[in-house]
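Asker: Before I ask anything, here is the structure I am working with.
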Amino acid sequence: MNEWEWHLLEDFNPLEQVSIAGTEVRAGDRVRLRPKPGADIMDSILAGKIAIVEKLEQDYEGKIQIAVVLEEDPGRDLGMLRQPGHRFFFHADEVEPL
């Protein structure tokens, strides 16, 4: 990684909220997962599940990623600590605010 690429990582501002279907969504809010048709198998299995937004992120192309943990996951606290296997990423158009 060159110096310019490191600056891109350092200059990234976290998102506080995002508007989805006219509703403001923030970390801690509940959403229903609605992956797009043709999603990978893991996303498809999670379709219809209720999740809690852990963090909102924006990539370098301006696309919003929503990190979520499943409400029914007994290891949900591990997802909130950003541990692998308990945190999932969806695009803003793949979640439905509750």
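Going through the structure tokens in order, the chains are called A, B, and so on, while each chain numbers its residues from 1 and the ligands are numbered from 1 in the order shown.
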Find the residues around Ile66 (chain A) up to 10 Å (only C-alpha atoms counted), leave out those fewer than 6 positions away in its own chain, and share them as a PyMOL selection string.
Answerer: chain A and resi 18+25-27+52-58+87-95
Asker: Could those residues be written to a file, using C-alpha atoms, as a PDB file, in the first residue's frame?
Answerer:
```
ATOM      1  CA  VAL A  18     -28.610   6.728   6.485  1.00  0.00           C
ATOM      2  CA  VAL A  25     -31.438   4.234  10.270  1.00  0.00           C
ATOM      3  CA  ARG A  26     -28.641   4.365  12.871  1.00  0.00           C
ATOM      4  CA  ALA A  27     -26.484   1.921  14.776  1.00  0.00           C
ATOM      5  CA  ILE A  52     -29.577  -5.009  14.696  1.00  0.00           C
ATOM      6  CA  VAL A  53     -27.444  -2.422  12.910  1.00  0.00           C
ATOM      7  CA  GLU A  54     -23.942  -2.536  14.381  1.00  0.00           C
ATOM      8  CA  LYS A  55     -22.322   0.095  12.150  1.00  0.00           C
ATOM      9  CA  LEU A  56     -22.870   2.085   8.976  1.00  0.00           C
ATOM     10  CA  GLU A  57     -19.935   2.267   6.597  1.00  0.00           C
ATOM     11  CA  GLN A  58     -19.292   3.823   3.204  1.00  0.00           C
ATOM     12  CA  ARG A  87     -21.483  -9.825  11.834  1.00  0.00           C
ATOM     13  CA  PHE A  88     -22.872  -9.576   8.311  1.00  0.00           C
ATOM     14  CA  PHE A  89     -22.819  -6.847   5.661  1.00  0.00           C
ATOM     15  CA  PHE A  90     -25.700  -5.726   3.462  1.00  0.00           C
ATOM     16  CA  HIS A  91     -26.276  -2.817   1.098  1.00  0.00           C
ATOM     17  CA  ALA A  92     -28.794  -0.170   2.106  1.00  0.00           C
ATOM     18  CA  ASP A  93     -31.311  -1.465  -0.455  1.00  0.00           C
ATOM     19  CA  GLU A  94     -31.158  -4.938   1.137  1.00  0.00           C
ATOM     20  CA  VAL A  95     -32.557  -3.974   4.521  1.00  0.00           C
TER      21      VAL A  95
END
```
Asker: As a ChimeraX atom specification, which residues of chain A does DSSP assign to strand (DSSP E or B)?
Answerer: /A:17-20,23-26,30-33,50-58,64-70,88-91,95-97
Asker: Please identify the alpha helix (DSSP H) residues within chain A (assignment by DSSP from backbone atoms) and present them as a count of residues only.
Answerer: 18
Asker: Expressed in Å to a single decimal, how great is the separation between CA of Ser44 (chain A) and CA of Gln65 (chain A)?
Answerer: 17.0 Å
Asker: One number please: CA of Leu81 (chain A) to CA of Ala21 (chain A), in Å, one decimal.
Answerer: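 Distance reported for this atom pair: 28.3 Å.
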Asker: Of the candidates A:Val31, A:Leu15, A:Ile20, A:Leu98, which one gets nearest to Val68 (chain A) if we count only C-alpha atoms?
Answerer: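 Using only C-alpha atoms, the shortest distance to Val68 (chain A) belongs to A:Val31.
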Asker: For CA of Lys49 (chain A) and CA of Arg34 (chain A), quote the distance in Å rounded to one decimal.
Answerer: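 Separating CA of Lys49 (chain A) from CA of Arg34 (chain A) is a distance of 8.3 Å.
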Asker: Ranking A:Leu33, A:Met80, A:Ile64, A:Val69 by minimum distance to Leu46 (chain A) and counting only C-alpha atoms, which one comes first?
Answerer: A:Leu33
Asker: Out of A:Ala51, A:Gly75, A:Glu61, A:Gln17, which residue has the shortest atom-to-atom distance to Arg32 (chain A) when counting only C-alpha atoms?
Answerer: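 Looking at the shortest contact to Arg32 (chain A), the residue is A:Ala51.
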